[in-house]
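Trainee: Okay, so here is coords19.tsv, and as you'll see once you scroll down, it has TSV, C-alpha atoms.
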chain	number	residue	atom	x	y	z
A	1	MET	CA	-81.00	-103.12	20.40
A	2	ASN	CA	-79.75	-105.12	17.47
A	3	SER	CA	-79.86	-108.83	18.31
A	4	SER	CA	-76.34	-109.25	16.94
A	5	THR	CA	-74.91	-106.59	19.26
A	6	THR	CA	-72.53	-107.80	21.97
A	7	ILE	CA	-72.69	-105.72	25.12
A	8	LYS	CA	-69.25	-105.35	26.70
A	9	ALA	CA	-69.94	-102.57	29.21
A	10	ILE	CA	-72.78	-101.26	31.34
A	11	LEU	CA	-73.07	-97.56	32.19
A	12	VAL	CA	-75.40	-96.93	35.15
A	13	ASP	CA	-77.05	-93.90	36.64
A	14	ILE	CA	-77.46	-93.95	40.44
A	15	GLU	CA	-80.47	-91.97	41.67
A	16	GLY	CA	-83.64	-93.83	40.67
A	17	THR	CA	-81.61	-96.59	39.01
A	18	THR	CA	-79.29	-98.43	41.41
A	19	SER	CA	-80.48	-96.46	44.42
A	20	SER	CA	-83.68	-94.90	45.65
A	21	ILE	CA	-84.46	-91.30	44.82
A	22	ASN	CA	-85.67	-90.99	48.41
A	23	PHE	CA	-82.24	-91.86	49.81
A	24	VAL	CA	-80.70	-88.81	48.18
A	25	HIS	CA	-83.53	-86.40	48.95
A	26	GLU	CA	-84.62	-87.72	52.34
A	27	VAL	CA	-81.29	-88.84	53.82
A	28	LEU	CA	-78.22	-87.34	52.15
A	29	PHE	CA	-79.42	-83.80	51.40
A	30	PRO	CA	-81.11	-83.22	54.81
A	31	TYR	CA	-78.07	-84.65	56.61
A	32	ALA	CA	-75.68	-82.31	54.79
A	33	ARG	CA	-77.91	-79.33	55.51
A	34	SER	CA	-78.27	-80.20	59.20
A	35	LYS	CA	-74.49	-80.55	59.63
A	36	LEU	CA	-73.50	-77.65	57.36
A	37	SER	CA	-73.07	-74.94	59.98
A	38	SER	CA	-71.17	-77.03	62.54
A	39	PHE	CA	-68.99	-78.63	59.85
A	40	ILE	CA	-67.85	-75.27	58.47
A	41	LYS	CA	-67.21	-73.85	61.94
A	42	ASN	CA	-65.23	-76.91	63.02
A	43	ASN	CA	-63.20	-77.22	59.81
A	44	ILE	CA	-62.73	-73.62	58.67
A	45	THR	CA	-58.94	-73.80	59.09
A	46	LYS	CA	-58.53	-76.90	56.89
A	47	ALA	CA	-56.99	-76.20	53.49
A	48	GLU	CA	-59.64	-78.15	51.55
A	49	VAL	CA	-62.51	-76.31	53.25
A	50	LYS	CA	-60.79	-72.96	52.72
A	51	LYS	CA	-60.44	-73.78	49.02
A	52	ILE	CA	-64.12	-74.72	48.70
A	53	ILE	CA	-65.24	-71.50	50.38
A	54	SER	CA	-62.90	-69.40	48.24
A	55	GLU	CA	-64.32	-71.00	45.09
A	56	ALA	CA	-67.87	-70.36	46.31
A	57	PHE	CA	-67.12	-66.72	47.14
A	58	GLU	CA	-65.52	-66.22	43.73
A	59	ILE	CA	-68.65	-67.51	42.00
A	60	GLU	CA	-70.88	-65.11	43.95
A	61	GLY	CA	-68.42	-62.21	44.05
A	62	LEU	CA	-68.24	-62.23	47.85
A	63	GLU	CA	-65.38	-61.07	50.06
A	64	ALA	CA	-64.63	-61.40	53.77
A	65	SER	CA	-61.27	-61.26	55.52
A	66	ASP	CA	-62.62	-61.56	59.06
A	67	GLN	CA	-62.99	-65.27	59.88
A	68	ASP	CA	-66.30	-64.95	61.78
A	69	ILE	CA	-67.87	-62.97	58.93
A	70	ARG	CA	-66.43	-65.43	56.41
A	71	ILE	CA	-68.02	-68.33	58.30
A	72	GLU	CA	-71.37	-66.55	58.49
A	73	LYS	CA	-71.38	-65.64	54.80
A	74	SER	CA	-70.31	-69.11	53.70
A	75	ILE	CA	-73.05	-70.81	55.75
A	76	LYS	CA	-75.71	-68.51	54.31
A	77	LEU	CA	-74.40	-69.03	50.78
A	78	PHE	CA	-74.31	-72.82	50.93
A	79	GLU	CA	-77.75	-72.93	52.57
A	80	LYS	CA	-79.06	-70.74	49.74
A	81	TRP	CA	-77.54	-73.06	47.13
A	82	ILE	CA	-79.05	-76.11	48.85
A	83	ILE	CA	-82.52	-74.53	48.83
A	84	GLU	CA	-82.08	-73.65	45.15
A	85	ASP	CA	-80.82	-77.22	44.47
A	86	LYS	CA	-77.73	-75.85	42.71
A	87	LYS	CA	-75.58	-78.40	40.87
A	88	ILE	CA	-72.39	-76.49	41.55
A	89	LYS	CA	-68.93	-77.82	42.35
A	90	PRO	CA	-68.15	-76.09	45.67
A	91	LEU	CA	-71.49	-77.22	47.10
A	92	LYS	CA	-71.00	-80.78	45.84
A	93	ASP	CA	-67.49	-80.86	47.29
A	94	LEU	CA	-68.68	-79.61	50.69
A	95	GLN	CA	-71.62	-82.01	50.77
A	96	GLY	CA	-69.23	-84.82	49.89
A	97	MET	CA	-67.02	-84.01	52.87
A	98	ILE	CA	-70.02	-83.90	55.21
A	99	TRP	CA	-71.37	-87.19	53.82
A	100	GLU	CA	-67.97	-88.80	54.23
A	101	SER	CA	-68.10	-87.93	57.91
A	102	GLY	CA	-71.63	-89.35	58.16
A	103	TYR	CA	-70.70	-92.60	56.44
A	104	ARG	CA	-67.60	-92.93	58.59
A	105	ASN	CA	-69.67	-92.42	61.76
A	106	LYS	CA	-72.26	-94.92	60.46
A	107	ASP	CA	-75.02	-92.34	60.73
A	108	PHE	CA	-76.43	-93.98	57.57
A	109	PHE	CA	-75.49	-96.51	54.88
A	110	GLY	CA	-75.54	-96.02	51.12
A	111	HIS	CA	-78.79	-97.33	49.67
A	112	VAL	CA	-78.53	-99.87	46.85
A	113	TYR	CA	-81.55	-101.85	45.64
A	114	GLU	CA	-81.20	-105.58	46.26
A	115	ASP	CA	-82.02	-106.35	42.61
A	116	ALA	CA	-79.32	-103.91	41.50
A	117	TYR	CA	-76.76	-105.44	43.86
A	118	GLN	CA	-77.53	-109.00	42.73
A	119	THR	CA	-77.39	-108.13	39.03
A	120	LEU	CA	-74.29	-105.94	39.24
A	121	LEU	CA	-72.56	-108.78	41.09
A	122	GLU	CA	-73.58	-111.24	38.37
A	123	TRP	CA	-72.47	-108.93	35.55
A	124	HIS	CA	-69.13	-108.29	37.23
A	125	GLY	CA	-68.61	-112.02	37.67
A	126	SER	CA	-69.36	-112.62	34.00
A	127	GLY	CA	-66.63	-110.19	32.94
A	128	LEU	CA	-68.80	-107.23	31.94
A	129	LYS	CA	-67.24	-103.87	32.71
A	130	ILE	CA	-69.52	-101.61	34.74
A	131	PHE	CA	-69.20	-97.82	34.90
A	132	ILE	CA	-71.10	-95.15	36.82
A	133	TYR	CA	-72.31	-91.83	35.38
A	134	SER	CA	-74.07	-89.64	37.92
A	135	SER	CA	-74.69	-85.95	38.59
A	136	GLY	CA	-73.21	-86.57	42.04
A	137	SER	CA	-69.44	-86.13	42.27
A	138	ILE	CA	-67.18	-89.14	41.80
A	139	ASN	CA	-66.26	-88.88	45.48
A	140	ALA	CA	-69.95	-89.00	46.46
A	141	GLN	CA	-70.46	-92.03	44.20
A	142	LYS	CA	-67.58	-93.90	45.81
A	143	LEU	CA	-68.81	-93.01	49.30
A	144	LEU	CA	-72.31	-94.35	48.59
A	145	PHE	CA	-71.11	-97.65	47.14
A	146	GLY	CA	-68.20	-97.89	49.56
A	147	HIS	CA	-70.50	-97.72	52.59
A	148	SER	CA	-73.55	-99.60	51.33
A	149	SER	CA	-75.65	-102.01	53.38
A	150	TYR	CA	-73.91	-104.75	51.34
A	151	GLY	CA	-70.45	-103.50	52.27
A	152	ASP	CA	-67.89	-101.89	49.97
A	153	LEU	CA	-69.07	-102.39	46.37
A	154	ASN	CA	-66.60	-100.12	44.60
A	155	TYR	CA	-64.71	-103.18	43.32
A	156	LEU	CA	-67.66	-103.87	41.00
A	157	PHE	CA	-66.96	-100.76	38.93
A	158	SER	CA	-64.30	-100.17	36.30
A	159	GLY	CA	-64.65	-96.39	36.40
A	160	ASN	CA	-66.74	-93.39	37.41
A	161	PHE	CA	-67.97	-90.32	35.56
A	162	ASP	CA	-69.70	-87.19	36.84
A	163	THR	CA	-70.79	-83.93	35.24
A	164	GLN	CA	-67.18	-82.80	34.92
A	165	ILE	CA	-67.28	-84.72	31.65
A	166	GLY	CA	-70.47	-82.89	30.64
A	167	SER	CA	-74.23	-82.71	31.20
A	168	LYS	CA	-76.06	-86.02	31.38
A	169	LYS	CA	-78.59	-84.67	28.91
A	170	GLU	CA	-76.03	-83.85	26.21
A	171	PHE	CA	-75.01	-86.23	23.41
A	172	GLU	CA	-71.38	-85.06	23.61
A	173	SER	CA	-70.99	-86.36	27.18
A	174	TYR	CA	-71.75	-89.92	26.11
A	175	ARG	CA	-69.41	-89.63	23.14
A	176	LYS	CA	-66.62	-88.62	25.55
A	177	ILE	CA	-67.43	-91.54	27.84
A	178	THR	CA	-67.33	-93.92	24.87
A	179	GLU	CA	-63.86	-92.62	24.00
A	180	ALA	CA	-62.70	-92.86	27.62
A	181	ILE	CA	-63.65	-96.52	28.03
A	182	LYS	CA	-62.31	-97.39	24.57
A	183	LEU	CA	-65.35	-99.26	23.27
A	184	LYS	CA	-67.82	-98.73	20.47
A	185	ALA	CA	-71.01	-96.97	21.54
A	186	SER	CA	-72.98	-99.98	20.29
A	187	GLU	CA	-71.13	-102.17	22.81
A	188	ILE	CA	-72.36	-100.08	25.76
A	189	MET	CA	-75.70	-100.33	27.58
A	190	PHE	CA	-76.83	-97.23	29.53
A	191	LEU	CA	-79.36	-97.62	32.35
A	192	SER	CA	-81.23	-94.61	33.74
A	193	ASP	CA	-84.65	-93.51	34.99
A	194	ASN	CA	-84.43	-90.23	33.03
A	195	SER	CA	-85.78	-90.06	29.47
A	196	ASP	CA	-83.69	-87.00	28.55
A	197	GLU	CA	-80.52	-88.83	29.55
A	198	LEU	CA	-81.58	-91.91	27.62
A	199	LYS	CA	-82.27	-89.78	24.54
A	200	ALA	CA	-78.77	-88.26	24.63
A	201	ALA	CA	-77.13	-91.64	25.17
A	202	LYS	CA	-79.11	-93.23	22.35
A	203	GLU	CA	-78.12	-90.41	19.99
A	204	SER	CA	-74.49	-91.25	20.72
A	205	GLY	CA	-75.11	-94.82	19.56
A	206	MET	CA	-75.42	-96.48	22.96
A	207	ASN	CA	-78.09	-99.03	23.78
A	208	VAL	CA	-80.48	-97.83	26.51
A	209	ILE	CA	-82.96	-99.25	29.02
A	210	LYS	CA	-85.19	-97.20	31.28
A	211	LEU	CA	-85.60	-98.09	34.95
A	212	ALA	CA	-89.23	-97.29	35.81
A	213	ARG	CA	-89.37	-98.29	39.44
A	214	PRO	CA	-92.95	-98.21	40.84
A	215	GLU	CA	-91.78	-97.08	44.29
A	216	ASP	CA	-90.12	-94.01	42.77
A	217	LYS	CA	-93.23	-93.29	40.67
A	218	ILE	CA	-91.20	-93.20	37.45
A	219	GLU	CA	-93.37	-93.22	34.34
A	220	SER	CA	-92.54	-95.73	31.62
A	221	ASP	CA	-91.71	-94.30	28.20
A	222	ILE	CA	-92.88	-95.96	24.99
A	223	LYS	CA	-89.74	-94.67	23.23
A	224	TYR	CA	-87.50	-96.91	25.34
A	225	LEU	CA	-87.54	-100.42	26.69
A	226	SER	CA	-88.63	-100.02	30.32
A	227	VAL	CA	-88.12	-102.40	33.24
A	228	LYS	CA	-89.24	-102.23	36.86
A	229	ASN	CA	-85.94	-103.52	38.26
A	230	PHE	CA	-82.59	-105.00	37.27
A	231	LEU	CA	-83.89	-108.57	37.37
A	232	GLU	CA	-86.03	-107.81	34.30
A	233	ILE	CA	-83.03	-106.75	32.21
A	234	ASN	CA	-82.15	-109.24	29.52
A	235	PHE	CA	-79.69	-108.74	26.65
Could the structure of this file be written out as structure tokens, please?

Mentor:
Amino acid sequence: MNSSTTIKAILVDIEGTTSSINFVHEVLFPYARSKLSSFIKNNITKAEVKKIISEAFEIEGLEASDQDIRIEKSIKLFEKWIIEDKKIKPLKDLQGMIWESGYRNKDFFGHVYEDAYQTLLEWHGSGLKIFIYSSGSINAQKLLFGHSSYGDLNYLFSGNFDTQIGSKKEFESYRKITEAIKLKASEIMFLSDNSDELKAAKESGMNVIKLARPEDKIESDIKYLSVKNFLEINF
């Protein structure tokens, strides 16, 4: 980063950056899968659930007018997508609804690293604008930070972006984000644990720092400034 550059906004990834990779893979995903069948059966008549299932069936070319068959087919389809780790909207929307129920019931709390919480709080207090860019839906992002072990942290963020704006590994996505937040790319710092994402962001003109947390076994990358936690970030 050029020493004369003034950072006015921080763009943060979630998984492996502000929050543990294990939380997503060992808490959120298993919870959604365990509740999938009962959730669909208990909510099949709700308009939002009907819409999600219709979108899923359209993608796979499935049909079913009988409700019991529709339930059975939808459960099998979403379970298949979960196993295949599909990044697909109907699945994300359904998982988001299930997670919302889990957060509301206090079955779990959104994980946020203490160093991330402390630093985000400091940055927010200093007037820096903070934005989220994650492969998880915006609703899922707000649920995680809205039900964290530190309480509702959504007030810290000036905006959220997900893959509706584009792939996190594509230069164009970061250009669109730069336009959306009305700043120069050079005034934005992007934080992520993923080198491919950092490469795309850097190509757009953003400054980048890699989070290489030892507990998540993230390898450092000589191409990018790497830190072990937020407390090591200095700009």

Trainee: Can you tell me how far atom CA of A:Glu100 sits from atom CA of A:Ala9, in Å to one decimal?

Mentor: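 According to the coordinates, atom CA of A:Glu100 and atom CA of A:Ala9 are separated by 28.6 Å.
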
Trainee: Quick one: contact table of stretch 158-189 of chain A to stretch 133-154 of chain A, 8 Å max, nearest atom pair and distance in Å to one decimal per residue, counting all atoms listed in the file, chain and number order, as JSON lines?

Mentor:
{"residue": "A:Asn160", "atom": "CA", "partner": "A:Ile138", "partner_atom": "CA", "distance": 6.1}
{"residue": "A:Phe161", "atom": "CA", "partner": "A:Tyr133", "partner_atom": "CA", "distance": 4.6}
{"residue": "A:Asp162", "atom": "CA", "partner": "A:Ser134", "partner_atom": "CA", "distance": 5.1}
{"residue": "A:Thr163", "atom": "CA", "partner": "A:Ser135", "partner_atom": "CA", "distance": 5.5}
{"residue": "A:Lys168", "atom": "CA", "partner": "A:Ser135", "partner_atom": "CA", "distance": 7.3}

Trainee: Taking into account only C-alpha atoms, which residue in the set A:Trp123, A:Phe190, A:Phe235, A:Phe57 is nearest to A:Lys76?

Mentor: A:Phe57

Trainee: So, with all atoms listed in the file as the atoms that count, which of A:Asp107, A:Glu179, A:Met189, A:Lys184 lies closest to A:Val27?

Mentor: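 Of the candidates, the smallest distance to A:Val27 is held by A:Asp107.
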
Trainee: Could you name the residues that touch A:Ile233 at 12 Å or less, counting all atoms listed in the file, but leaving out those on the same chain fewer than 2 positions away, as a short mmCIF file (atom, residue, chain, number, x, y, z; two decimals) with C-alpha atoms, in the frame of the given file?

Mentor:
data_model
loop_
_atom_site.label_atom_id
_atom_site.label_comp_id
_atom_site.auth_asym_id
_atom_site.auth_seq_id
_atom_site.Cartn_x
_atom_site.Cartn_y
_atom_site.Cartn_z
CA ILE A 10 -72.78 -101.26 31.34
CA ASP A 115 -82.02 -106.35 42.61
CA ALA A 116 -79.32 -103.91 41.50
CA THR A 119 -77.39 -108.13 39.03
CA LEU A 120 -74.29 -105.94 39.24
CA TRP A 123 -72.47 -108.93 35.55
CA MET A 189 -75.70 -100.33 27.58
CA PHE A 190 -76.83 -97.23 29.53
CA LEU A 191 -79.36 -97.62 32.35
CA VAL A 208 -80.48 -97.83 26.51
CA ILE A 209 -82.96 -99.25 29.02
CA LYS A 210 -85.19 -97.20 31.28
CA LEU A 211 -85.60 -98.09 34.95
CA ALA A 212 -89.23 -97.29 35.81
CA LEU A 225 -87.54 -100.42 26.69
CA SER A 226 -88.63 -100.02 30.32
CA VAL A 227 -88.12 -102.40 33.24
CA LYS A 228 -89.24 -102.23 36.86
CA ASN A 229 -85.94 -103.52 38.26
CA PHE A 230 -82.59 -105.00 37.27
CA LEU A 231 -83.89 -108.57 37.37
CA PHE A 235 -79.69 -108.74 26.65
#

Trainee: Any idea what the distance is between atom CA of A:Ser37 and atom CA of A:Phe78?

Mentor: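 For atom CA of A:Ser37 relative to atom CA of A:Phe78, the distance reads 9.4 Å.
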
Trainee: Atom CA of A:Lys169 and atom CA of A:Glu215 are how many Å apart?

Mentor: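 According to the coordinates, atom CA of A:Lys169 and atom CA of A:Glu215 are separated by 23.8 Å.
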
Trainee: Between A:Met206, A:Ile82, A:Leu156, A:Ile88, single out the one closest to A:Gln118, counting all atoms listed in the file.

Mentor: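 Nearest to A:Gln118: A:Leu156.
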
Trainee: With only C-alpha atoms as the atoms that count, which of A:Lys129, A:His25, A:Lys46, A:Arg104 lies nearest to A:Lys8?

Mentor: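 Smallest separation from A:Lys8 among the options: A:Lys129.
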